[in-house]
Amino acid sequence: MHTLPFDTVLIANRGEIAARIIKTLRNLGLRSAIAYHEVDALTPAVSMADLAIPISGRTPVASYLDFAQIIAAARKAGAGALHPGYGLLSENAEFAKAVIEAGITFIGPAPEAIELMGDKIRARNFVQRNGFPVVPCAIEEDEPTTFVSRAQAVGFPLLVKPSAGGGGKGMRIVRDLSALEAAIEQARSEACRYFGDGRLYVERYLEIPRHIEVQVLGDAFGNLVHLFERECSVQRRFQKIIEETPSPALSPELRKRICEAAVGIARAAQYQNAGTVEFILSEGAFYFLEMNTRLQVEHPVTEMITGVDLIAEQVYAAAGRELSLSQSDIVPNGHAIELRLYAEAPERGYVPTTGKVLLLEFPDGVRIDSGVMQGQHITPAFDPMLAKIIVHAPSRIEAALKAHRAVRELVLLGCETNANLLARILADETFLGGQFHTGYLEENPHLAADNFATGLCAFLASAALLTRPVRASADAVPELHATLGSWRN
Amino acid sequence: MYHSFELDRVDHRLWLSTSQQGYRLHLRDQVIDPVAFTHHSESSGILTIAGESEPVRFAIEGDLIHLHIRGRTRVLRYNDPLRTFAPANDEIRPLTARAPMPGVVVAITVSPGQSVSAGMALMMVESMKLETIIRSPRDGIVDRIHVEQGDSFEHDAVLVTLSKEGR
Amino acid sequence: MQRIDSVADVNSQAFRRNDFHNRQLAAELKERQRAARFDRPERDFERLRRQQKLFVRERLAALLDPETPFLELSTLAANKAYDGEVPTAAQVVGIGIVAGREVIVHADDASVKSGAWYPLSVKKIVRALDIAIENRLPVIHLCDCAGGFLPLQAEFFADRYHAGRILRNQSILSKMGVPQVAIVMGHCTAAGAYVPALSEYNIMVEGTGAIFLGGPPVVKAATGEQVSAEDLGGALMHTNVSGTSDYVASSEMHAIAIARDIVARLHQPAKTWIDREAPEPPAYSASELYGIIPTDTRAQFDMREIIARLVDGSRFHEYQPRYGTSLLCGFARLHGYQVGILANNGVLFGDSSLKGAHFIQLCDKNRTPLLFLQNVTGFMVGREYERRGITKDGAKLIMAVSGASVPKFTIVCNSSHGAGTYAMSGRAFDPRFVFSWPNSQISAMGAEQAAGVLTHVKARQLARAGGRLSEQQLAAIREPILEEYHERSSAYYATSEIWDDGILDPADTRTALAIALSASLNTPIDAPQYGVFRL
């Protein structure tokens, strides 16, 4: 094995992904350094890293976004490479350039690829130009006089959207031509009212959309492979909760087409390193959504079924090595599910929760990528994801059962989490039947609601027996009177 | 007076009584006999309830009891009756800060119109060669300061008068 | 110990007739108690709500430990007095558990005449505090009293056992080291002001609680000073300025929570040890008592049948089973506590008196509390009995009853008349508790007998004035005498006057006695010591 051109890697990230990266670096015989804000001092990554360099900022997040401090930390650590993880600076082309200019290897794609794919409209146009499917749409301002006819050409049902919009305001579903013009007028007046901007566009309304993404891996020699898809349709407010591979929605033929499309898109972008091409799947057709030029949160499910360490591949690719895998080497095995454990209360509209982790016990026999440890304070400073539980089993149903068992065995006390919700989803027939889509949780609000009556007696009994005054008041009553109970004469 | 635990913003009243095999749990509409808890470690144990054994993980944080039983996590709050029935506002606290002993004003740290919270320093006084901080008895707004720096005062003299907020 | 073999035939006509009769009496009792406790004109509840006060029964429920017993005493006090307008004598008294401690509760019932003290109210409070003294029970006072009912002040103010005795008893309790906690939930005026002041701890409810010797009208009349109740004796003044009160509470529930916390902190002296085993239920159901107790108080029945339905396992060690058989003596257990029972199986003779006096001394030496089950018309009379010294033998029994150091408990099961009432540990002999059954009669003589004597006296007076009386005229004299005598010897009259500590449903007797026994053991048992027995 050739030695790598660097021996120390700075991790410009935190939480579970920082810890995850350190594990691979250790396996590769590399030193890990981490830049951290003091609120993260008591987290797994900081305690695992060979070197931890404090950074600071106006807010904890601001410190992790500070190029200068992070590059200075990398220099201080003698790091020859930098891994940005996901989120934070991972898709910031300027940052990638600054790292490279500092003479440090950026573990990720070239800044040009980040730039190309980072802009949604530019990426969409690029993909369409290269002959890959995107959601059909018509933009009014391209040529206002022909808007209605272009809209009609997109095909019904349509979604009329304000260009300046967000949050669903002003959006209208149109199912046939007769309603189109009225819908445009209504949407425009609402758009004016909400955003002071009446510009509109229409997009094909995709019924029961599913979120399917494909992991790709490229090197500097033009080699590009895919590592199959991941399905991430269990979402709440555009936040993924449960991901799995393979997707129960894909036939082998559709899988082949979607994976090949992903490789084609990456190839067109001359993509190097690990990336993810996201698609919307609706009624048997798929459309390009966007490309993430970084490692994904849900990468472990791919690792489980392919046996590939994606971070190791990222390091090798960044180090200029040729991919050791050819497409035919990548054979999926079994089914993997990832559960995201969040510090939030689904029962109360998913509000973020905080607290001190008083007790933490992870289940055995499953993979845990955790960013928390016992004693740690969960603050509202960051994304509320605490840890991921990843299971691997021969079949989907076995994986779901295993995940259900694991999430019920997981003990995290001191900060409310979504563990109860995860358990409810894993026992839900719709999920188990594989017939869900991105609106699944919105359509099934009962899943977010906890039934506090379940097992209530056991909780009350435990609380009573563990509370000193309650026990003391029982113990204080003389035996005779306890025996007589609430007798009255 | 029953004990009360809050779960998901609902109060559950209960009472434990001793029974021959441990305890009897009295809930609003049922009695469970026996219930018992065996500690295995400082954060785990076995709950015996109606003949069944349930492993329990727990963490106690003041009046909060964090529990994990059969794959479910719940947080219950013990409603200490002394706190539950105590006034939510500080209506019963006096609106005046009085001198605990005769002395001299060293420094005044608030001014009229300023809003103060219970326990906040209002002034420093010297008395019996000891410097003492006079603190606000409650939340409110400084209405009047009855002394100036260097003034001497008698025991129980009113030093600061507060007004209720929003008056 | 041998189990009593009941010979009662539960299928007999007599049993069923008794059962029907006594169940009716028990139901009537429960209904009267319920009415006395809860039936109030709506306007009185309205007033309490307006004043933001809880009904005394709600206060009590919050104060007591849930799932523990409460032995309410003298519920029907004053039921035959003041035209029935002062139910429970406007006082709730009972023994219960607060924060795990056995306590006696005294609560003014402001839903009755604003909690004003009537003569029988005072008697009930004094009795409550006597119980506290005798049994060393901490007292919880829930004070909410408008003051004494002045039109009847001559009956409750000046005498030895009048209102002053309340304050005296409070002071004695304190001296004995038996603590009291008072919650001021209304006005405590005049003598009432001293109730919280003489308690070891007191709590005032802000807004409704006030303590003053003279209320605002009295102050105005006396000195012309105009002052509000709050300013004169409110919670803030007494807790911040006068130091008369210890804690201020924002509500009644808050005050009760504070009181419970105080009681939880009280020192609990070890109880007096007496022989006790694990309890065992009687072999015969207590509900069979209804079939045993006769419909006519004059009908005789075997007290063993009663004992079999009161004591553990129905086991009874009978002492001197063949001697003085009109007084049944023996050992049994009640909820595990060993007791010595004396029960009447007929009129008292010389031998039964000697047997009783001897048995009391055995129990006293043995630290065994005494239980008297009364069904007695008195001592045997007649020339022959006097010659054999029935009076001197009766004196021995009375001497033994008076001198016994162990706690005594008395149940008026059926009839209780003449010197028999005394010799069987009547109220005057300081049994720790006296309870009556609803069928019972208590008087100096049996009603028929007394009516006969009174009719005879009246007839003689009339005869001296001339003329003989016809049977009809005799009956006209006799009937009203008999009726009034019946009325004034009934259990309801006795309990109205607080001659007992309450009427019990016979089926409740075992539990009530267990609570009373347990309470009595808070006081040490002195070494036996007696006066001179006339031998």
# chains A, B, ... in the order shown; residues from 1 in each chain; ligands from 1
$ select_by_dssp --residues "chain B" --states "strand (DSSP E or B)" --output "PyMOL selection string"
chain B and resi 3-7+10-19+22-27+31-41+44-49+52-61+64-69+72-78+96-98+103-108+115-116+121-127+130-135+140-145+152-153+158-163
$ closest_atom_pairs --of "chain C" --to "chain B" --cutoff "9 Å" --atoms "only C-alpha atoms" --output "tab-separated table"
residue	atom	partner	partner_atom	distance
C:Ala61	CA	B:Met1	CA	7.0
C:Ala62	CA	B:Met1	CA	4.4
C:Leu63	CA	B:Met1	CA	5.9
C:Leu64	CA	B:Met1	CA	6.4
C:Asp65	CA	B:Met1	CA	6.0
C:Pro66	CA	B:Tyr2	CA	6.2
C:Glu67	CA	B:Ser17	CA	7.3
C:Thr68	CA	B:Ser17	CA	8.7
C:Glu206	CA	B:Ile92	CA	7.9
C:Leu236	CA	B:Ile92	CA	7.6
C:Asn240	CA	B:Pro94	CA	9.0
C:Val248	CA	B:Ile92	CA	8.1
C:Ala249	CA	B:Ala86	CA	7.2
C:Ser250	CA	B:Pro87	CA	5.7
C:Ser251	CA	B:Phe85	CA	7.2
C:Glu252	CA	B:Phe85	CA	8.9
C:Met253	CA	B:Phe85	CA	6.4
C:His254	CA	B:Phe85	CA	4.7
C:Ala255	CA	B:Phe85	CA	8.5
C:Ile256	CA	B:Met1	CA	8.4
C:Ala257	CA	B:Leu82	CA	5.7
C:Ile258	CA	B:Leu82	CA	6.5
C:Arg260	CA	B:Met1	CA	8.7
C:Asp261	CA	B:Leu82	CA	8.3
$ write_last_selection --atoms "C-alpha atoms" --output "PDB file, in the first residue's frame"
ATOM      1  CA  ALA C  61     -59.767  15.140  52.862  1.00  0.00           C
ATOM      2  CA  ALA C  62     -56.771  17.211  51.824  1.00  0.00           C
ATOM      3  CA  LEU C  63     -55.232  17.119  55.287  1.00  0.00           C
ATOM      4  CA  LEU C  64     -55.413  13.368  55.840  1.00  0.00           C
ATOM      5  CA  ASP C  65     -53.144  10.850  54.176  1.00  0.00           C
ATOM      6  CA  PRO C  66     -55.075   9.200  51.359  1.00  0.00           C
ATOM      7  CA  GLU C  67     -55.879   5.520  51.786  1.00  0.00           C
ATOM      8  CA  THR C  68     -55.774   5.725  55.562  1.00  0.00           C
ATOM      9  CA  GLU C 206     -53.735  35.065  53.478  1.00  0.00           C
ATOM     10  CA  LEU C 236     -49.176  39.447  56.707  1.00  0.00           C
ATOM     11  CA  ASN C 240     -44.269  39.914  59.499  1.00  0.00           C
ATOM     12  CA  VAL C 248     -48.409  32.593  55.680  1.00  0.00           C
ATOM     13  CA  ALA C 249     -50.100  30.503  53.024  1.00  0.00           C
ATOM     14  CA  SER C 250     -51.500  31.713  49.758  1.00  0.00           C
ATOM     15  CA  SER C 251     -54.458  29.352  49.862  1.00  0.00           C
ATOM     16  CA  GLU C 252     -56.053  26.761  52.096  1.00  0.00           C
ATOM     17  CA  MET C 253     -54.394  23.983  50.102  1.00  0.00           C
ATOM     18  CA  HIS C 254     -51.048  25.693  50.518  1.00  0.00           C
ATOM     19  CA  ALA C 255     -51.673  25.968  54.262  1.00  0.00           C
ATOM     20  CA  ILE C 256     -52.578  22.298  54.445  1.00  0.00           C
ATOM     21  CA  ALA C 257     -49.427  21.388  52.509  1.00  0.00           C
ATOM     22  CA  ILE C 258     -47.358  23.387  55.000  1.00  0.00           C
ATOM     23  CA  ARG C 260     -48.492  18.304  56.511  1.00  0.00           C
ATOM     24  CA  ASP C 261     -44.850  19.191  56.104  1.00  0.00           C
TER      25      ASP C 261
END
$ select_by_dssp --residues "range 37-214 of chain A" --states "helix (DSSP H, G or I)" --output "short mmCIF file (atom, residue, chain, number, x, y, z; two decimals) with N, CA and C atoms, in the first residue's frame"
data_model
loop_
_atom_site.label_atom_id
_atom_site.label_comp_id
_atom_site.auth_asym_id
_atom_site.auth_seq_id
_atom_site.Cartn_x
_atom_site.Cartn_y
_atom_site.Cartn_z
N GLU A 38 -15.97 25.62 22.38
CA GLU A 38 -15.99 25.12 23.76
C GLU A 38 -17.29 24.42 24.16
N VAL A 39 -18.42 24.76 23.52
CA VAL A 39 -19.66 24.07 23.91
C VAL A 39 -19.59 22.59 23.53
N ASP A 40 -18.65 22.25 22.63
CA ASP A 40 -18.51 20.86 22.20
C ASP A 40 -17.39 20.13 22.94
N PRO A 44 -17.98 13.22 21.91
CA PRO A 44 -17.13 12.08 21.55
C PRO A 44 -15.99 12.47 20.62
N ALA A 45 -16.27 13.29 19.59
CA ALA A 45 -15.24 13.59 18.61
C ALA A 45 -14.04 14.28 19.25
N VAL A 46 -14.32 15.23 20.14
CA VAL A 46 -13.22 15.98 20.75
C VAL A 46 -12.39 15.07 21.64
N SER A 47 -13.04 14.13 22.31
CA SER A 47 -12.26 13.24 23.16
C SER A 47 -11.53 12.17 22.34
N MET A 48 -12.03 11.86 21.15
CA MET A 48 -11.39 10.82 20.33
C MET A 48 -10.23 11.36 19.51
N PRO A 60 -21.53 29.63 18.52
CA PRO A 60 -20.81 28.37 18.26
C PRO A 60 -20.78 28.04 16.77
N VAL A 61 -21.93 28.23 16.09
CA VAL A 61 -21.96 27.90 14.66
C VAL A 61 -21.00 28.79 13.89
N ALA A 62 -20.99 30.08 14.25
CA ALA A 62 -20.12 31.03 13.54
C ALA A 62 -18.67 30.60 13.60
N SER A 63 -18.26 30.03 14.71
CA SER A 63 -16.86 29.63 14.81
C SER A 63 -16.54 28.49 13.84
N TYR A 64 -17.51 27.60 13.62
CA TYR A 64 -17.28 26.50 12.69
C TYR A 64 -17.35 26.97 11.23
N PHE A 67 -13.52 30.53 8.09
CA PHE A 67 -12.44 29.97 7.26
C PHE A 67 -11.09 30.13 7.94
N ALA A 68 -10.83 31.39 8.33
CA ALA A 68 -9.48 31.74 8.77
C ALA A 68 -9.07 30.91 9.99
N GLN A 69 -9.99 30.83 10.94
CA GLN A 69 -9.66 30.07 12.15
C GLN A 69 -9.45 28.60 11.85
N ILE A 70 -10.26 28.08 10.93
CA ILE A 70 -10.19 26.65 10.65
C ILE A 70 -8.90 26.33 9.88
N ILE A 71 -8.57 27.17 8.93
CA ILE A 71 -7.33 26.93 8.19
C ILE A 71 -6.12 27.11 9.12
N ALA A 72 -6.22 28.10 10.02
CA ALA A 72 -5.14 28.29 11.00
C ALA A 72 -5.01 27.06 11.89
N ALA A 73 -6.15 26.49 12.25
CA ALA A 73 -6.13 25.29 13.09
C ALA A 73 -5.48 24.14 12.35
N ALA A 74 -5.80 24.02 11.04
CA ALA A 74 -5.22 22.95 10.23
C ALA A 74 -3.70 23.12 10.17
N ARG A 75 -3.28 24.36 10.00
CA ARG A 75 -1.82 24.63 9.95
C ARG A 75 -1.19 24.27 11.28
N LYS A 76 -1.82 24.70 12.33
CA LYS A 76 -1.29 24.47 13.68
C LYS A 76 -1.16 22.96 13.93
N ALA A 77 -2.14 22.22 13.41
CA ALA A 77 -2.13 20.78 13.62
C ALA A 77 -1.16 20.06 12.68
N ALA A 93 -17.77 26.41 -1.99
CA ALA A 93 -16.69 26.36 -2.97
C ALA A 93 -15.57 27.32 -2.59
N GLU A 94 -15.94 28.47 -2.01
CA GLU A 94 -14.92 29.44 -1.62
C GLU A 94 -14.01 28.85 -0.55
N PHE A 95 -14.62 28.13 0.35
CA PHE A 95 -13.84 27.52 1.42
C PHE A 95 -12.90 26.47 0.83
N ALA A 96 -13.46 25.63 -0.07
CA ALA A 96 -12.63 24.59 -0.68
C ALA A 96 -11.43 25.22 -1.38
N LYS A 97 -11.69 26.34 -2.06
CA LYS A 97 -10.58 27.04 -2.75
C LYS A 97 -9.56 27.53 -1.73
N ALA A 98 -10.04 28.12 -0.64
CA ALA A 98 -9.14 28.67 0.37
C ALA A 98 -8.29 27.57 0.99
N VAL A 99 -8.87 26.42 1.17
CA VAL A 99 -8.13 25.28 1.74
C VAL A 99 -7.02 24.87 0.78
N ILE A 100 -7.42 24.76 -0.48
CA ILE A 100 -6.45 24.33 -1.49
C ILE A 100 -5.33 25.37 -1.62
N GLU A 101 -5.72 26.64 -1.59
CA GLU A 101 -4.71 27.71 -1.69
C GLU A 101 -3.76 27.68 -0.51
N PRO A 111 -13.52 22.46 -6.38
CA PRO A 111 -14.39 23.62 -6.14
C PRO A 111 -15.31 23.90 -7.32
N GLU A 112 -14.86 23.63 -8.52
CA GLU A 112 -15.69 23.90 -9.70
C GLU A 112 -16.95 23.04 -9.68
N ALA A 113 -16.78 21.79 -9.29
CA ALA A 113 -17.94 20.89 -9.21
C ALA A 113 -18.91 21.37 -8.12
N ILE A 114 -18.35 21.82 -7.02
CA ILE A 114 -19.21 22.34 -5.93
C ILE A 114 -20.00 23.54 -6.45
N GLU A 115 -19.27 24.42 -7.16
CA GLU A 115 -19.90 25.62 -7.68
C GLU A 115 -21.03 25.30 -8.66
N LEU A 116 -20.73 24.37 -9.57
CA LEU A 116 -21.71 23.99 -10.59
C LEU A 116 -22.98 23.44 -9.96
N MET A 117 -22.78 22.53 -9.02
CA MET A 117 -23.94 21.85 -8.46
C MET A 117 -24.56 22.61 -7.29
N GLY A 118 -23.81 23.58 -6.77
CA GLY A 118 -24.31 24.30 -5.59
C GLY A 118 -25.49 25.19 -5.93
N LYS A 120 -28.95 25.74 -7.57
CA LYS A 120 -30.01 24.80 -7.96
C LYS A 120 -30.44 24.99 -9.41
N ILE A 121 -30.65 26.24 -9.82
CA ILE A 121 -31.13 26.50 -11.19
C ILE A 121 -30.05 26.12 -12.20
N ARG A 122 -28.80 26.51 -11.86
CA ARG A 122 -27.70 26.20 -12.76
C ARG A 122 -27.55 24.67 -12.89
N ALA A 123 -27.64 23.98 -11.80
CA ALA A 123 -27.51 22.53 -11.81
C ALA A 123 -28.63 21.89 -12.63
N ARG A 124 -29.85 22.42 -12.43
CA ARG A 124 -31.00 21.89 -13.14
C ARG A 124 -30.84 22.04 -14.65
N ASN A 125 -30.43 23.23 -15.02
CA ASN A 125 -30.25 23.50 -16.44
C ASN A 125 -29.14 22.62 -17.03
N PHE A 126 -28.08 22.47 -16.25
CA PHE A 126 -26.95 21.65 -16.70
C PHE A 126 -27.37 20.20 -16.92
N VAL A 127 -28.14 19.71 -15.97
CA VAL A 127 -28.59 18.31 -16.05
C VAL A 127 -29.53 18.12 -17.24
N GLN A 128 -30.42 19.10 -17.41
CA GLN A 128 -31.38 19.02 -18.52
C GLN A 128 -30.65 19.07 -19.86
N ARG A 129 -29.67 19.96 -19.94
CA ARG A 129 -28.88 20.08 -21.17
C ARG A 129 -28.20 18.77 -21.51
N GLU A 140 -42.56 31.98 -16.00
CA GLU A 140 -43.33 33.03 -16.65
C GLU A 140 -42.43 34.07 -17.29
N GLU A 141 -41.43 34.53 -16.53
CA GLU A 141 -40.65 35.67 -17.01
C GLU A 141 -39.75 35.33 -18.21
N ASP A 142 -39.58 34.03 -18.51
CA ASP A 142 -38.82 33.68 -19.71
C ASP A 142 -39.49 34.29 -20.95
N PRO A 144 -43.38 36.04 -20.95
CA PRO A 144 -44.70 36.15 -20.30
C PRO A 144 -45.87 35.89 -21.24
N THR A 145 -45.79 36.27 -22.48
CA THR A 145 -46.95 36.13 -23.37
C THR A 145 -47.30 34.68 -23.62
N THR A 146 -46.32 33.78 -23.56
CA THR A 146 -46.59 32.38 -23.87
C THR A 146 -46.70 31.52 -22.62
N PHE A 147 -46.79 32.17 -21.46
CA PHE A 147 -46.74 31.42 -20.19
C PHE A 147 -47.80 30.34 -20.09
N VAL A 148 -49.07 30.74 -20.44
CA VAL A 148 -50.17 29.79 -20.28
C VAL A 148 -49.98 28.59 -21.20
N SER A 149 -49.59 28.84 -22.41
CA SER A 149 -49.44 27.69 -23.32
C SER A 149 -48.23 26.85 -22.93
N ARG A 150 -47.17 27.50 -22.47
CA ARG A 150 -46.01 26.72 -22.02
C ARG A 150 -46.37 25.89 -20.79
N ALA A 151 -47.18 26.53 -19.94
CA ALA A 151 -47.62 25.82 -18.73
C ALA A 151 -48.41 24.58 -19.11
N GLN A 152 -49.30 24.78 -20.06
CA GLN A 152 -50.12 23.65 -20.53
C GLN A 152 -49.23 22.55 -21.07
N ALA A 153 -48.16 22.94 -21.71
CA ALA A 153 -47.26 21.97 -22.32
C ALA A 153 -46.51 21.15 -21.26
N VAL A 154 -46.35 21.72 -20.09
CA VAL A 154 -45.66 20.99 -19.01
C VAL A 154 -46.44 19.72 -18.67
N LEU A 177 -56.98 22.18 -17.66
CA LEU A 177 -56.80 23.47 -18.31
C LEU A 177 -57.81 24.51 -17.88
N SER A 178 -59.08 24.05 -17.67
CA SER A 178 -60.15 25.01 -17.37
C SER A 178 -59.84 25.83 -16.10
N ALA A 179 -59.09 25.23 -15.20
CA ALA A 179 -58.84 25.92 -13.94
C ALA A 179 -57.53 26.70 -13.96
N LEU A 180 -56.77 26.57 -15.01
CA LEU A 180 -55.40 27.10 -15.00
C LEU A 180 -55.36 28.62 -14.85
N GLU A 181 -56.14 29.33 -15.73
CA GLU A 181 -56.01 30.78 -15.70
C GLU A 181 -56.48 31.38 -14.38
N ALA A 182 -57.59 30.84 -13.87
CA ALA A 182 -58.08 31.33 -12.58
C ALA A 182 -57.04 31.09 -11.48
N ALA A 183 -56.43 29.94 -11.53
CA ALA A 183 -55.42 29.59 -10.51
C ALA A 183 -54.23 30.53 -10.62
N ILE A 184 -53.84 30.85 -11.83
CA ILE A 184 -52.71 31.77 -12.01
C ILE A 184 -53.05 33.12 -11.39
N GLU A 185 -54.28 33.60 -11.65
CA GLU A 185 -54.65 34.91 -11.11
C GLU A 185 -54.68 34.90 -9.58
N GLN A 186 -55.28 33.83 -9.03
CA GLN A 186 -55.35 33.75 -7.56
C GLN A 186 -53.95 33.66 -6.96
N ALA A 187 -53.12 32.82 -7.57
CA ALA A 187 -51.77 32.66 -7.05
C ALA A 187 -51.02 33.98 -7.14
N ARG A 188 -51.27 34.70 -8.21
CA ARG A 188 -50.55 35.97 -8.36
C ARG A 188 -50.97 36.97 -7.29
N SER A 189 -52.31 37.02 -7.05
CA SER A 189 -52.74 38.01 -6.05
C SER A 189 -52.22 37.62 -4.65
N GLU A 190 -52.19 36.33 -4.38
CA GLU A 190 -51.65 35.91 -3.08
C GLU A 190 -50.15 36.18 -3.00
N ALA A 191 -49.47 35.93 -4.12
CA ALA A 191 -48.04 36.14 -4.14
C ALA A 191 -47.73 37.62 -3.91
N CYS A 192 -48.56 38.47 -4.52
CA CYS A 192 -48.36 39.91 -4.31
C CYS A 192 -48.56 40.27 -2.85
N ARG A 193 -49.62 39.64 -2.29
CA ARG A 193 -49.96 39.97 -0.91
C ARG A 193 -48.86 39.48 0.05
N TYR A 194 -48.39 38.26 -0.17
CA TYR A 194 -47.43 37.69 0.78
C TYR A 194 -46.00 38.19 0.54
N PHE A 195 -45.63 38.28 -0.75
CA PHE A 195 -44.21 38.54 -1.02
C PHE A 195 -43.98 39.86 -1.73
#
$ closest_residue --among "C:Tyr422, C:Phe533, C:Tyr290, C:Tyr323" --to "Asp393 in chain C" --atoms "only C-alpha atoms"
C:Phe533
$ interface_residues --of "chain A" --to "chain C" --cutoff "8 Å" --atoms "only C-alpha atoms" --output "PyMOL selection string"
chain A and resi 473-478+480-482+484-489
$ write_last_selection --atoms "N, CA and C atoms" --output "PDB file, in the first residue's frame"
ATOM      1  N   SER A 473     -43.945   8.822  52.442  1.00  0.00           N
ATOM      2  CA  SER A 473     -45.285   8.997  52.998  1.00  0.00           C
ATOM      3  C   SER A 473     -45.964   7.640  53.159  1.00  0.00           C
ATOM      4  N   ALA A 474     -45.611   6.682  52.315  1.00  0.00           N
ATOM      5  CA  ALA A 474     -46.162   5.331  52.488  1.00  0.00           C
ATOM      6  C   ALA A 474     -45.521   4.651  53.692  1.00  0.00           C
ATOM      7  N   ASP A 475     -44.195   4.771  53.786  1.00  0.00           N
ATOM      8  CA  ASP A 475     -43.484   4.090  54.872  1.00  0.00           C
ATOM      9  C   ASP A 475     -43.865   4.642  56.243  1.00  0.00           C
ATOM     10  N   ALA A 476     -44.271   5.939  56.266  1.00  0.00           N
ATOM     11  CA  ALA A 476     -44.555   6.569  57.559  1.00  0.00           C
ATOM     12  C   ALA A 476     -45.865   6.074  58.162  1.00  0.00           C
ATOM     13  N   VAL A 477     -46.778   5.581  57.336  1.00  0.00           N
ATOM     14  CA  VAL A 477     -48.101   5.193  57.847  1.00  0.00           C
ATOM     15  C   VAL A 477     -47.963   3.912  58.676  1.00  0.00           C
ATOM     16  N   PRO A 478     -48.485   3.918  59.911  1.00  0.00           N
ATOM     17  CA  PRO A 478     -48.388   2.705  60.722  1.00  0.00           C
ATOM     18  C   PRO A 478     -49.043   1.521  59.995  1.00  0.00           C
ATOM     19  N   LEU A 480     -50.955  -0.877  60.891  1.00  0.00           N
ATOM     20  CA  LEU A 480     -52.394  -1.103  61.115  1.00  0.00           C
ATOM     21  C   LEU A 480     -53.227  -0.223  60.181  1.00  0.00           C
ATOM     22  N   HIS A 481     -52.848   1.055  60.128  1.00  0.00           N
ATOM     23  CA  HIS A 481     -53.638   2.012  59.348  1.00  0.00           C
ATOM     24  C   HIS A 481     -53.497   1.769  57.854  1.00  0.00           C
ATOM     25  N   ALA A 482     -52.303   1.313  57.448  1.00  0.00           N
ATOM     26  CA  ALA A 482     -52.129   0.960  56.037  1.00  0.00           C
ATOM     27  C   ALA A 482     -53.039  -0.210  55.682  1.00  0.00           C
ATOM     28  N   LEU A 484     -55.884  -0.966  57.141  1.00  0.00           N
ATOM     29  CA  LEU A 484     -57.305  -0.592  57.183  1.00  0.00           C
ATOM     30  C   LEU A 484     -57.722   0.231  55.968  1.00  0.00           C
ATOM     31  N   GLY A 485     -56.742   0.880  55.326  1.00  0.00           N
ATOM     32  CA  GLY A 485     -57.072   1.654  54.125  1.00  0.00           C
ATOM     33  C   GLY A 485     -57.983   2.829  54.447  1.00  0.00           C
ATOM     34  N   SER A 486     -58.775   3.264  53.468  1.00  0.00           N
ATOM     35  CA  SER A 486     -59.541   4.498  53.656  1.00  0.00           C
ATOM     36  C   SER A 486     -60.876   4.225  54.358  1.00  0.00           C
ATOM     37  N   TRP A 487     -60.803   3.528  55.452  1.00  0.00           N
ATOM     38  CA  TRP A 487     -62.013   3.198  56.221  1.00  0.00           C
ATOM     39  C   TRP A 487     -62.613   4.464  56.820  1.00  0.00           C
ATOM     40  N   ARG A 488     -63.920   4.542  56.813  1.00  0.00           N
ATOM     41  CA  ARG A 488     -64.629   5.651  57.476  1.00  0.00           C
ATOM     42  C   ARG A 488     -65.776   5.076  58.284  1.00  0.00           C
ATOM     43  N   ASN A 489     -66.094   5.728  59.402  1.00  0.00           N
ATOM     44  CA  ASN A 489     -67.230   5.260  60.189  1.00  0.00           C
ATOM     45  C   ASN A 489     -68.399   6.224  60.046  1.00  0.00           C
TER      46      ASN A 489
END
$ interface_residues --of "chain A" --to "chain B" --cutoff "9 Å" --atoms "only C-alpha atoms" --output "VMD selection string"
chain A and resid 358 to 359 405 to 417 419 to 420 423 452 455 457 to 467 469 to 471 473 to 475 477 479 482 to 483 485
$ residues_around --residues "Ala36 in chain C" --least-positions-apart "5" --cutoff "10 Å" --atoms "only C-alpha atoms" --output "list of chain:residue names"
C:Lys30, C:Glu31, C:Thr75, C:Leu76, C:Ala77, C:Ala78, C:Asn79, C:Gly84, C:Glu85, C:Val86, C:Pro87, C:Thr88, C:Ala89, C:Ala90
$ closest_residue --among "A:Leu217, A:Arg424, A:Pro157, A:Leu250" --to "Arg204 in chain A" --atoms "only C-alpha atoms"
A:Pro157
$ residues_around --residues "Arg135 in chain B" --least-positions-apart "2" --cutoff "8 Å" --atoms "only C-alpha atoms" --output "list of chain:residue names"
B:Ala97, B:Ala118, B:Gly119, B:Met120, B:Ala121, B:Leu122, B:Met123, B:Ile133, B:Pro137
